[in-house]
Every structure is written in C-alpha cells, then in structure tokens.
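*Asks:* Below: one structure in structure tokens.
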There are 2 protein chains.
Amino acid sequence: MKEFLRTKGFKMTPQRELIFRSFFELGEHVSVDELYDKVRDLDQSIGYSTVWRNLKLICKVGLAEEVNLGDGITRYDRVTKVPHGHLFCLSCKKLEEFPVEQLVGILAQTAGDRDFSPEHFKIEIHGLCNDCQNKAIDENNNGADDE
Amino acid sequence: MKEFLRTKGFKMTPQRELIFRSFFELGEHVSVDELYDKVRDLDQSIGYSTVWRNLKLICKVGLAEEVNLGDGITRYDRVTKVPHGHLFCLSCKKLEEFPVEQLVGILAQTAGDRDFSPEHFKIEIHGLCNDCQNKAIDENNNGADDE
DNA sequence: TTGAAAATGAAAGTCGATTTCATTTAGGCG
DNA sequence: CGCCTAAATGAAATCGACTTTCATTTTCAA
C-alpha cells in the first residue's frame, strides 16, 4: 500500500496507515463519523479532518467512491469488481446490495442512444427492510389507533 | 387547488398561490433557489422560508418529490404518471429524463425476492451530456497540454 | 542529513436546510 | 359582519455535515 501510494505522489504516515486499515476492516458504505469513531478507539490523537481527508484520498486513488442516499450523509463504498445497486431502508438506514449487471447493460444502451457518456450508474430501491416492516406491524397491533 | 388544500387542513394565502403557480410553471427538478428567484420577480416581499416551506408542502400533499443527485442541492420533481430515471450531467448539471418501466419491473422483483418493501426507485446515470463532451474535446484541441 | 513537499490537528468557515419567534392572516362560526 | 383560533408568514438564528485554513510536524528523495 505504501508503494501504491508513493507511485501516485502520496506519502505514508502512521495516521494514514491506521485510517486505511480501519476503512477496509469496516464493511461497505462507511460514513466519516463511523470511521472516525473506529479510528479514535485506536488512536485518540487523530483528528477528524485527517480522517476525512484520507477518506477522500481513498476515493481519489480509486479504492472507494462516494455514495449519496439523500439522507444528508455521505457514505464511502469500497470499489468492487461487481457493479451493484442498493436497497436502502428508510427506517433503520441499513443498506443491502444486489447485483445489477443486467440493468447496467440496459442503462448503458439508454445512455448511448442519447449520446450521453456515462461515468457512473446509480440504482437504488428505497423502502422498508423486512425487519422494519415487521416492527411497523407490531406497533400497529399494540399501539393506540391515533391518527 | 384551494379546495384540495382545505380538505387536507391547509389554508390558501396569496403567497402560497403564487408559489404553487410558479412551481408548476417552472419545469421539472426545481431547486429552492430557482423557485425563490422566480417568486421574487413577482413579489419582492415573499421570504425564502415561505418558499421553502411551501415546496415541502407541495411534497407533503403528493404533488412533487425531492430529488437528490449528490451535488448538495435538493431538487423538487413534479410527480408524474410515468416513472422516469435521470441522466445527470456532472459538468453542466443539466438533467434529462428517460422512461424506466421495464427497469422498475425488474427492481420490483428484486425487492420482492428479498422481502424488501419498495417505496421508491432511483435510477440515475451520471456522466457527460453531448454538449459537455464536445466542449471537452474542443478544450483538448485548443488548450495547452498541462496535466 | 537536509530541505521541499506533503500531512496533520484544531479551529474556523461554508452553505444549504431547517427552526424559532413575534406577528399577521385565513376562514369557520355565531 | 366581527371574532377567534389555527395556520401561515418573514426575518433571523440555528443546525449540521462538509471543507478549508493555518501553523506545525513529518516524510522521504537527493
């Protein structure tokens, strides 16, 4: 990793090492705050802006990309081989993935037909995950019938 | 429209009337600032927060919905009969639409397979529109070859 | 070893979205 | 018609995530 960064003109530091490692240990779709919390557990002295800047760096060197679900929080998604879409639970904010090869094919064609040069496809399903659907049902059974 | 709002417990005011009308006169994907500018041309005295609140109201009563393209600006998209995706130009920010019936069918199935209750589908292609591709080419031909 | 370029941490700044609060207005009711 | 209460308004303050600034420290190639 040190070599990889050096070839791109960046230096390695203990903070960066820790931040990169933590990022890849956390799952997908990490927010700055989540990463900052994790990093802070390991080194109290690392600043928020350092975490933020390194997350940006991870994107710049092509290892992750920003995901914006419209809830005001930018998440950072590891770049993986396989393109995927997101199932975003509006209630608990959990994010699941699903494969989208077929869809991306259709979208690429759509773009081509319109002389639009696609850089990135975004396919999301917003709704309620199974857990939150069940919770909603429970609440209806137990709660008062207000509103 | 006044009746429509009354049945939902909202009152009609001159400001609201003007804001609603302006919103529907502007095309799709209107931002608060765009609407505020237009409304301001017609009535200098209307405040930003009133425009914002009425835009939210338009969403609440189901006539529009928020669109977030990840550029930090919330746009408001009139709810239309036909579901559509967005072609978003990363350079000039222009937004085009394209039909997505077929895709939505596939996505609904995907959601169903996973016991996910979909509320909303988001299908976007981010990239460069034809104009901006050409601009980029022009710049390469004329400009210096600085990295 | 050394010096320029890059990185860091704390704090301040940015900017769109949202809320607060004092005041005004709409519209149902007698 | 006037009255009254809930809703609406406008200005200003606040929020909160993101981004930048700046003084200082660190990396690493020569």
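Quick note on naming: the chains in the structure tokens go A, B, ... in the order shown, residues restart at 1 in each chain, and ligands are numbered from 1 in order of appearance.
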Near chain B, which residues of chain C fall within 10 Å when you count only C-alpha atoms (C1' of nucleotides), and what do they look like as a list in words?

*Replies:*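 The contacting residues on chain C are DC15, DG16, DA17, DT18, DT25, DA26 and DG27 of chain C.
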
*Asks:* What does chain B look like once superposed on chain A, all Cα atoms paired in sequence order, least squares? Give it as a short mmCIF file (atom, residue, chain, number, x, y, z; two decimals) with N, CA and C atoms, in the first residue's frame.

*Replies:*
data_model
loop_
_atom_site.label_atom_id
_atom_site.label_comp_id
_atom_site.auth_asym_id
_atom_site.auth_seq_id
_atom_site.Cartn_x
_atom_site.Cartn_y
_atom_site.Cartn_z
N MET B 1 0.90 -1.12 -0.08
CA MET B 1 0.05 0.09 -0.11
C MET B 1 0.91 1.36 -0.11
N LYS B 2 1.98 1.31 0.67
CA LYS B 2 2.89 2.47 0.71
C LYS B 2 3.45 2.76 -0.68
N GLU B 3 3.86 1.69 -1.33
CA GLU B 3 4.39 1.85 -2.69
C GLU B 3 3.32 2.42 -3.63
N PHE B 4 2.16 1.83 -3.51
CA PHE B 4 1.03 2.23 -4.36
C PHE B 4 0.78 3.73 -4.23
N LEU B 5 0.83 4.22 -3.00
CA LEU B 5 0.59 5.65 -2.78
C LEU B 5 1.77 6.48 -3.28
N ARG B 6 2.96 5.99 -3.05
CA ARG B 6 4.13 6.77 -3.46
C ARG B 6 4.13 7.03 -4.96
N THR B 7 3.76 6.00 -5.69
CA THR B 7 3.75 6.18 -7.14
C THR B 7 2.77 7.25 -7.57
N LYS B 8 1.82 7.55 -6.70
CA LYS B 8 0.85 8.59 -7.04
C LYS B 8 1.18 9.91 -6.37
N GLY B 9 2.33 9.96 -5.71
CA GLY B 9 2.78 11.23 -5.14
C GLY B 9 2.32 11.49 -3.71
N PHE B 10 1.84 10.46 -3.04
CA PHE B 10 1.40 10.65 -1.65
C PHE B 10 2.35 9.93 -0.70
N LYS B 11 2.41 10.45 0.52
CA LYS B 11 3.31 9.84 1.50
C LYS B 11 2.53 8.95 2.44
N MET B 12 3.25 8.06 3.08
CA MET B 12 2.61 7.22 4.09
C MET B 12 2.94 7.78 5.46
N THR B 13 1.94 7.78 6.31
CA THR B 13 2.12 8.23 7.69
C THR B 13 1.46 7.21 8.60
N PRO B 14 1.79 7.21 9.87
CA PRO B 14 1.14 6.27 10.79
C PRO B 14 -0.36 6.48 10.81
N GLN B 15 -0.78 7.75 10.80
CA GLN B 15 -2.21 8.02 10.82
C GLN B 15 -2.89 7.44 9.58
N ARG B 16 -2.28 7.71 8.44
CA ARG B 16 -2.86 7.23 7.19
C ARG B 16 -2.95 5.72 7.16
N GLU B 17 -1.89 5.09 7.60
CA GLU B 17 -1.86 3.63 7.66
C GLU B 17 -3.05 3.11 8.46
N LEU B 18 -3.22 3.71 9.64
CA LEU B 18 -4.29 3.27 10.53
C LEU B 18 -5.67 3.54 9.92
N ILE B 19 -5.82 4.68 9.30
CA ILE B 19 -7.11 5.05 8.72
C ILE B 19 -7.45 4.12 7.55
N PHE B 20 -6.49 3.89 6.68
CA PHE B 20 -6.74 3.01 5.54
C PHE B 20 -7.12 1.61 6.04
N ARG B 21 -6.35 1.11 6.99
CA ARG B 21 -6.60 -0.23 7.47
C ARG B 21 -7.99 -0.32 8.08
N SER B 22 -8.33 0.67 8.90
CA SER B 22 -9.64 0.66 9.54
C SER B 22 -10.76 0.71 8.51
N PHE B 23 -10.55 1.52 7.47
CA PHE B 23 -11.58 1.63 6.45
C PHE B 23 -11.85 0.28 5.80
N PHE B 24 -10.80 -0.44 5.49
CA PHE B 24 -11.01 -1.70 4.79
C PHE B 24 -11.49 -2.80 5.73
N GLU B 25 -11.30 -2.58 7.03
CA GLU B 25 -11.83 -3.57 7.98
C GLU B 25 -13.33 -3.38 8.18
N LEU B 26 -13.76 -2.14 8.22
CA LEU B 26 -15.19 -1.90 8.30
C LEU B 26 -15.80 -2.41 7.01
N GLY B 27 -17.10 -2.68 7.01
CA GLY B 27 -17.69 -3.23 5.80
C GLY B 27 -17.80 -2.19 4.70
N GLU B 28 -18.87 -2.28 3.95
CA GLU B 28 -19.13 -1.33 2.89
C GLU B 28 -19.80 -0.10 3.49
N HIS B 29 -19.94 0.95 2.67
CA HIS B 29 -20.74 2.14 3.00
C HIS B 29 -20.42 2.76 4.34
N VAL B 30 -19.18 3.09 4.53
CA VAL B 30 -18.74 3.68 5.80
C VAL B 30 -18.90 5.20 5.74
N SER B 31 -19.41 5.77 6.82
CA SER B 31 -19.49 7.23 6.90
C SER B 31 -18.25 7.78 7.61
N VAL B 32 -18.00 9.07 7.45
CA VAL B 32 -16.85 9.66 8.12
C VAL B 32 -16.92 9.40 9.62
N ASP B 33 -18.08 9.61 10.19
CA ASP B 33 -18.21 9.46 11.64
C ASP B 33 -17.92 8.03 12.09
N GLU B 34 -18.44 7.07 11.32
CA GLU B 34 -18.17 5.68 11.69
C GLU B 34 -16.67 5.39 11.67
N LEU B 35 -16.04 5.85 10.62
CA LEU B 35 -14.61 5.59 10.51
C LEU B 35 -13.85 6.35 11.60
N TYR B 36 -14.27 7.57 11.84
CA TYR B 36 -13.61 8.38 12.87
C TYR B 36 -13.71 7.69 14.23
N ASP B 37 -14.89 7.16 14.54
CA ASP B 37 -15.07 6.46 15.81
C ASP B 37 -14.11 5.28 15.92
N LYS B 38 -14.07 4.50 14.85
CA LYS B 38 -13.21 3.31 14.88
C LYS B 38 -11.75 3.70 15.03
N VAL B 39 -11.34 4.72 14.28
CA VAL B 39 -9.95 5.15 14.32
C VAL B 39 -9.62 5.71 15.71
N ARG B 40 -10.56 6.42 16.28
CA ARG B 40 -10.37 7.01 17.59
C ARG B 40 -10.15 5.96 18.68
N ASP B 41 -10.82 4.84 18.51
CA ASP B 41 -10.61 3.76 19.48
C ASP B 41 -9.16 3.30 19.49
N LEU B 42 -8.51 3.43 18.34
CA LEU B 42 -7.15 2.92 18.22
C LEU B 42 -6.11 4.00 18.46
N ASP B 43 -6.47 5.23 18.16
CA ASP B 43 -5.53 6.33 18.39
C ASP B 43 -6.29 7.61 18.66
N GLN B 44 -6.34 7.95 19.91
CA GLN B 44 -7.05 9.12 20.41
C GLN B 44 -6.62 10.44 19.76
N SER B 45 -5.43 10.47 19.23
CA SER B 45 -4.87 11.76 18.83
C SER B 45 -5.20 12.15 17.39
N ILE B 46 -5.79 11.22 16.64
CA ILE B 46 -6.04 11.53 15.23
C ILE B 46 -7.26 12.44 15.08
N GLY B 47 -7.11 13.46 14.29
CA GLY B 47 -8.16 14.46 14.14
C GLY B 47 -9.21 14.07 13.11
N TYR B 48 -10.37 14.66 13.27
CA TYR B 48 -11.47 14.39 12.35
C TYR B 48 -11.09 14.75 10.92
N SER B 49 -10.45 15.88 10.76
CA SER B 49 -10.16 16.31 9.38
C SER B 49 -9.17 15.38 8.71
N THR B 50 -8.30 14.77 9.49
CA THR B 50 -7.37 13.82 8.90
C THR B 50 -8.11 12.59 8.41
N VAL B 51 -9.06 12.14 9.18
CA VAL B 51 -9.86 10.99 8.76
C VAL B 51 -10.61 11.36 7.49
N TRP B 52 -11.22 12.53 7.50
CA TRP B 52 -12.00 12.96 6.35
C TRP B 52 -11.11 13.05 5.10
N ARG B 53 -9.96 13.70 5.27
CA ARG B 53 -9.08 13.86 4.11
C ARG B 53 -8.60 12.52 3.57
N ASN B 54 -8.36 11.59 4.45
CA ASN B 54 -7.88 10.29 3.97
C ASN B 54 -8.98 9.49 3.30
N LEU B 55 -10.20 9.71 3.74
CA LEU B 55 -11.32 9.07 3.08
C LEU B 55 -11.43 9.61 1.65
N LYS B 56 -11.26 10.90 1.52
CA LYS B 56 -11.25 11.50 0.19
C LYS B 56 -10.10 10.95 -0.64
N LEU B 57 -8.98 10.76 0.01
CA LEU B 57 -7.82 10.24 -0.70
C LEU B 57 -8.08 8.83 -1.21
N ILE B 58 -8.70 8.03 -0.37
CA ILE B 58 -9.04 6.66 -0.78
C ILE B 58 -9.88 6.70 -2.04
N CYS B 59 -10.78 7.67 -2.11
CA CYS B 59 -11.58 7.82 -3.33
C CYS B 59 -10.71 8.29 -4.50
N LYS B 60 -9.85 9.25 -4.21
CA LYS B 60 -9.04 9.82 -5.29
C LYS B 60 -8.17 8.77 -5.97
N VAL B 61 -7.64 7.84 -5.18
CA VAL B 61 -6.79 6.81 -5.76
C VAL B 61 -7.60 5.63 -6.29
N GLY B 62 -8.92 5.77 -6.22
CA GLY B 62 -9.76 4.79 -6.89
C GLY B 62 -10.15 3.57 -6.07
N LEU B 63 -9.95 3.61 -4.77
CA LEU B 63 -10.27 2.43 -3.96
C LEU B 63 -11.67 2.49 -3.36
N ALA B 64 -12.32 3.65 -3.47
CA ALA B 64 -13.69 3.76 -2.94
C ALA B 64 -14.40 4.85 -3.72
N GLU B 65 -15.70 4.92 -3.52
CA GLU B 65 -16.42 6.04 -4.11
C GLU B 65 -17.54 6.47 -3.19
N GLU B 66 -17.90 7.73 -3.32
CA GLU B 66 -18.92 8.29 -2.45
C GLU B 66 -20.30 7.76 -2.84
N VAL B 67 -21.10 7.52 -1.82
CA VAL B 67 -22.49 7.12 -2.04
C VAL B 67 -23.36 8.11 -1.29
N ASN B 68 -24.33 8.65 -1.98
CA ASN B 68 -25.23 9.61 -1.36
C ASN B 68 -26.64 9.10 -1.45
N LEU B 69 -27.21 8.75 -0.34
CA LEU B 69 -28.56 8.18 -0.35
C LEU B 69 -29.64 9.21 -0.11
N GLY B 70 -29.25 10.47 0.00
CA GLY B 70 -30.24 11.50 0.17
C GLY B 70 -30.66 11.72 1.61
N ASP B 71 -29.95 11.11 2.55
CA ASP B 71 -30.27 11.35 3.96
C ASP B 71 -29.26 12.30 4.61
N GLY B 72 -28.46 12.94 3.76
CA GLY B 72 -27.53 13.94 4.28
C GLY B 72 -26.19 13.39 4.73
N ILE B 73 -26.05 12.08 4.73
CA ILE B 73 -24.79 11.48 5.14
C ILE B 73 -24.09 10.89 3.92
N THR B 74 -22.85 11.29 3.71
CA THR B 74 -22.07 10.71 2.63
C THR B 74 -21.41 9.44 3.12
N ARG B 75 -21.62 8.38 2.39
CA ARG B 75 -20.99 7.12 2.74
C ARG B 75 -19.91 6.81 1.71
N TYR B 76 -18.98 5.96 2.08
CA TYR B 76 -17.88 5.62 1.19
C TYR B 76 -17.89 4.12 0.95
N ASP B 77 -18.03 3.79 -0.30
CA ASP B 77 -18.27 2.42 -0.71
C ASP B 77 -17.01 1.89 -1.39
N ARG B 78 -16.47 0.81 -0.86
CA ARG B 78 -15.30 0.22 -1.48
C ARG B 78 -15.59 -0.11 -2.93
N VAL B 79 -14.69 0.17 -3.81
CA VAL B 79 -14.90 -0.16 -5.21
C VAL B 79 -14.65 -1.65 -5.38
N THR B 80 -15.65 -2.33 -5.84
CA THR B 80 -15.50 -3.76 -6.03
C THR B 80 -15.65 -4.09 -7.49
N LYS B 81 -15.28 -5.24 -7.82
CA LYS B 81 -15.33 -5.72 -9.19
C LYS B 81 -16.75 -5.70 -9.74
N VAL B 82 -17.70 -6.15 -8.94
CA VAL B 82 -19.06 -6.35 -9.43
C VAL B 82 -19.93 -5.12 -9.16
N PRO B 83 -20.57 -4.58 -10.20
CA PRO B 83 -21.47 -3.44 -9.97
C PRO B 83 -22.68 -3.89 -9.17
N HIS B 84 -23.12 -3.04 -8.28
CA HIS B 84 -24.27 -3.42 -7.46
C HIS B 84 -25.17 -2.23 -7.21
N GLY B 85 -26.42 -2.53 -6.93
CA GLY B 85 -27.37 -1.50 -6.54
C GLY B 85 -27.57 -1.53 -5.04
N HIS B 86 -28.34 -0.59 -4.53
CA HIS B 86 -28.55 -0.51 -3.08
C HIS B 86 -30.02 -0.61 -2.71
N LEU B 87 -30.28 -1.42 -1.71
CA LEU B 87 -31.59 -1.43 -1.06
C LEU B 87 -31.41 -0.62 0.22
N PHE B 88 -32.07 0.51 0.31
CA PHE B 88 -31.85 1.42 1.43
C PHE B 88 -33.11 1.47 2.29
N CYS B 89 -32.99 1.04 3.54
CA CYS B 89 -34.16 1.07 4.42
C CYS B 89 -34.36 2.46 4.99
N LEU B 90 -35.51 3.04 4.69
CA LEU B 90 -35.79 4.41 5.11
C LEU B 90 -35.94 4.50 6.62
N SER B 91 -36.22 3.39 7.26
CA SER B 91 -36.43 3.41 8.71
C SER B 91 -35.12 3.23 9.47
N CYS B 92 -34.46 2.10 9.26
CA CYS B 92 -33.25 1.83 10.05
C CYS B 92 -31.97 2.20 9.30
N LYS B 93 -32.09 2.66 8.07
CA LYS B 93 -30.94 3.13 7.29
C LYS B 93 -29.99 2.01 6.87
N LYS B 94 -30.41 0.78 7.10
CA LYS B 94 -29.55 -0.33 6.70
C LYS B 94 -29.45 -0.36 5.17
N LEU B 95 -28.30 -0.78 4.71
CA LEU B 95 -28.06 -0.81 3.27
C LEU B 95 -27.71 -2.23 2.86
N GLU B 96 -28.45 -2.75 1.89
CA GLU B 96 -28.09 -4.05 1.33
C GLU B 96 -27.73 -3.84 -0.12
N GLU B 97 -27.08 -4.82 -0.68
CA GLU B 97 -26.68 -4.71 -2.08
C GLU B 97 -27.35 -5.78 -2.91
N PHE B 98 -27.44 -5.50 -4.18
CA PHE B 98 -27.91 -6.53 -5.09
C PHE B 98 -27.23 -6.35 -6.43
N PRO B 99 -27.05 -7.43 -7.17
CA PRO B 99 -26.32 -7.36 -8.44
C PRO B 99 -27.14 -6.66 -9.52
N VAL B 100 -26.45 -5.96 -10.39
CA VAL B 100 -27.17 -5.16 -11.40
C VAL B 100 -26.58 -5.28 -12.80
N GLU B 101 -25.87 -6.35 -13.05
CA GLU B 101 -25.26 -6.46 -14.39
C GLU B 101 -26.27 -6.21 -15.49
N GLN B 102 -27.38 -6.91 -15.40
CA GLN B 102 -28.38 -6.83 -16.46
C GLN B 102 -28.88 -5.40 -16.62
N LEU B 103 -29.18 -4.77 -15.47
CA LEU B 103 -29.72 -3.42 -15.51
C LEU B 103 -28.71 -2.45 -16.11
N VAL B 104 -27.46 -2.61 -15.70
CA VAL B 104 -26.43 -1.71 -16.20
C VAL B 104 -26.32 -1.83 -17.72
N GLY B 105 -26.51 -3.03 -18.20
CA GLY B 105 -26.50 -3.20 -19.65
C GLY B 105 -27.56 -2.36 -20.33
N ILE B 106 -28.75 -2.42 -19.78
CA ILE B 106 -29.85 -1.64 -20.35
C ILE B 106 -29.56 -0.15 -20.25
N LEU B 107 -29.03 0.26 -19.09
CA LEU B 107 -28.75 1.69 -18.89
C LEU B 107 -27.65 2.19 -19.83
N ALA B 108 -26.66 1.35 -20.04
CA ALA B 108 -25.57 1.75 -20.94
C ALA B 108 -26.14 2.00 -22.34
N GLN B 109 -27.05 1.14 -22.71
CA GLN B 109 -27.68 1.30 -24.02
C GLN B 109 -28.49 2.59 -24.08
N THR B 110 -29.26 2.82 -23.02
CA THR B 110 -30.05 4.05 -22.94
C THR B 110 -29.16 5.28 -23.11
N ALA B 111 -28.04 5.27 -22.38
CA ALA B 111 -27.11 6.40 -22.46
C ALA B 111 -26.58 6.54 -23.89
N GLY B 112 -26.16 5.40 -24.45
CA GLY B 112 -25.61 5.42 -25.80
C GLY B 112 -26.59 6.01 -26.80
N ASP B 113 -27.85 5.62 -26.68
CA ASP B 113 -28.88 6.10 -27.60
C ASP B 113 -29.00 7.62 -27.55
N ARG B 114 -28.60 8.18 -26.43
CA ARG B 114 -28.79 9.62 -26.25
C ARG B 114 -27.48 10.39 -26.29
N ASP B 115 -26.43 9.77 -26.76
CA ASP B 115 -25.12 10.42 -26.85
C ASP B 115 -24.68 10.95 -25.50
N PHE B 116 -25.01 10.20 -24.48
CA PHE B 116 -24.63 10.60 -23.14
C PHE B 116 -23.50 9.66 -22.72
N SER B 117 -22.42 10.23 -22.20
CA SER B 117 -21.27 9.41 -21.84
C SER B 117 -21.33 9.06 -20.36
N PRO B 118 -21.74 7.85 -20.04
CA PRO B 118 -21.97 7.50 -18.63
C PRO B 118 -20.68 7.30 -17.87
N GLU B 119 -20.68 7.78 -16.66
CA GLU B 119 -19.51 7.65 -15.80
C GLU B 119 -19.85 6.68 -14.68
N HIS B 120 -21.11 6.68 -14.33
CA HIS B 120 -21.50 5.98 -13.12
C HIS B 120 -23.01 5.73 -13.13
N PHE B 121 -23.40 4.54 -12.73
CA PHE B 121 -24.82 4.22 -12.65
C PHE B 121 -25.25 4.12 -11.19
N LYS B 122 -26.42 4.60 -10.93
CA LYS B 122 -26.91 4.60 -9.56
C LYS B 122 -28.29 3.95 -9.56
N ILE B 123 -28.37 2.84 -8.91
CA ILE B 123 -29.64 2.11 -8.89
C ILE B 123 -30.00 1.83 -7.44
N GLU B 124 -31.08 2.45 -6.99
CA GLU B 124 -31.44 2.32 -5.59
C GLU B 124 -32.91 1.98 -5.44
N ILE B 125 -33.19 1.18 -4.44
CA ILE B 125 -34.56 0.93 -4.04
C ILE B 125 -34.69 1.41 -2.61
N HIS B 126 -35.52 2.44 -2.41
CA HIS B 126 -35.74 2.95 -1.06
C HIS B 126 -37.05 2.38 -0.55
N GLY B 127 -37.05 1.97 0.69
CA GLY B 127 -38.28 1.39 1.23
C GLY B 127 -38.04 0.85 2.62
N LEU B 128 -38.75 -0.22 2.96
CA LEU B 128 -38.62 -0.79 4.30
C LEU B 128 -38.07 -2.21 4.22
N CYS B 129 -37.04 -2.46 5.00
CA CYS B 129 -36.50 -3.81 5.05
C CYS B 129 -37.49 -4.70 5.81
N ASN B 130 -37.26 -5.97 5.75
CA ASN B 130 -38.18 -6.92 6.35
C ASN B 130 -38.37 -6.65 7.84
N ASP B 131 -37.29 -6.41 8.54
CA ASP B 131 -37.37 -6.15 9.98
C ASP B 131 -38.28 -4.96 10.27
N CYS B 132 -38.08 -3.90 9.53
CA CYS B 132 -38.84 -2.67 9.81
C CYS B 132 -40.31 -2.81 9.41
N GLN B 133 -40.57 -3.62 8.39
CA GLN B 133 -41.97 -3.89 8.06
C GLN B 133 -42.65 -4.58 9.24
N ASN B 134 -41.96 -5.56 9.81
CA ASN B 134 -42.54 -6.30 10.93
C ASN B 134 -42.73 -5.41 12.14
N LYS B 135 -41.74 -4.55 12.39
CA LYS B 135 -41.88 -3.62 13.49
C LYS B 135 -43.12 -2.75 13.32
N ALA B 136 -43.32 -2.30 12.10
CA ALA B 136 -44.47 -1.44 11.82
C ALA B 136 -45.77 -2.18 12.10
N ILE B 137 -45.81 -3.44 11.74
CA ILE B 137 -47.01 -4.24 11.99
C ILE B 137 -47.25 -4.40 13.49
N ASP B 138 -46.17 -4.71 14.21
CA ASP B 138 -46.29 -4.85 15.67
C ASP B 138 -46.88 -3.59 16.28
N GLU B 139 -46.33 -2.46 15.85
CA GLU B 139 -46.79 -1.20 16.43
C GLU B 139 -48.27 -0.97 16.15
N ASN B 140 -48.70 -1.34 14.99
CA ASN B 140 -50.12 -1.18 14.67
C ASN B 140 -51.00 -2.07 15.54
N ASN B 141 -50.50 -3.24 15.85
CA ASN B 141 -51.29 -4.14 16.67
C ASN B 141 -51.35 -3.70 18.13
N ASN B 142 -50.24 -3.17 18.63
CA ASN B 142 -50.18 -2.84 20.05
C ASN B 142 -50.57 -1.39 20.35
N GLY B 143 -50.16 -0.50 19.51
CA GLY B 143 -50.30 0.92 19.83
C GLY B 143 -51.74 1.42 19.70
N ALA B 144 -51.99 2.66 20.17
CA ALA B 144 -53.29 3.28 20.01
C ALA B 144 -53.49 3.64 18.54
N ASP B 145 -54.73 3.90 18.17
CA ASP B 145 -55.01 4.19 16.76
C ASP B 145 -55.02 5.69 16.49
N ASP B 146 -54.04 6.39 17.07
CA ASP B 146 -53.98 7.82 16.79
C ASP B 146 -53.48 8.02 15.37
N GLU B 147 -54.09 8.80 14.66
CA GLU B 147 -53.76 9.18 13.27
C GLU B 147 -52.30 9.59 13.14
#

*Asks:* What's the separation between atom C1' of DT14 of chain D and atom C1' of DA11 of chain C, in Å to one decimal place?

*Replies:* 19.3 Å

*Asks:* Enumerate as a list in words the residues belonging to chain D that approach chain A to within 12 Å, with only C-alpha atoms (C1' of nucleotides) taken into account.

*Replies:*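 Close to chain A, chain D has DG16, DA17, DC18, DT19, DT20, DT21, DT25, DT26, DT27, DC28 and DA29 of chain D.
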
*Asks:* Now that the selection is made, can you save its residues with C-alpha atoms (C1' of nucleotides) as an mmCIF file, in the first residue's frame?

*Replies:*
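Result file follows (again_12.cif):
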data_model
loop_
_atom_site.group_PDB
_atom_site.id
_atom_site.type_symbol
_atom_site.label_atom_id
_atom_site.label_comp_id
_atom_site.auth_asym_id
_atom_site.auth_seq_id
_atom_site.Cartn_x
_atom_site.Cartn_y
_atom_site.Cartn_z
ATOM 1 C "C1'" DG D 16 -25.047 20.018 10.820
ATOM 2 C "C1'" DA D 17 -22.225 17.935 7.513
ATOM 3 C "C1'" DC D 18 -18.662 19.085 4.822
ATOM 4 C "C1'" DT D 19 -14.475 21.734 3.655
ATOM 5 C "C1'" DT D 20 -10.703 24.919 4.257
ATOM 6 C "C1'" DT D 21 -7.208 27.493 6.724
ATOM 7 C "C1'" DT D 25 5.170 18.413 12.117
ATOM 8 C "C1'" DT D 26 6.590 14.614 9.295
ATOM 9 C "C1'" DT D 27 8.010 12.042 5.257
ATOM 10 C "C1'" DC D 28 11.341 10.726 2.055
ATOM 11 C "C1'" DA D 29 14.276 11.633 -2.153
#

*Asks:* Looking only at strand (DSSP E) from DSSP on the backbone, list the matching residues of chain A as an NGL selection string.

*Replies:* :A and (30-31 or 64-68 or 74-78 or 84-89 or 95-99 or 117-128)

*Asks:* To one decimal place, how far is atom C1' of DC22 of chain D from atom C1' of DT2 of chain C in Å?

*Replies:*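 That distance, rounded to one decimal, is 24.1 Å.
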
*Asks:* So how far away is atom C1' of DA12 of chain C from atom C1' of DA23 of chain D, in Å?

*Replies:*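 A separation of 13.6 Å between them.
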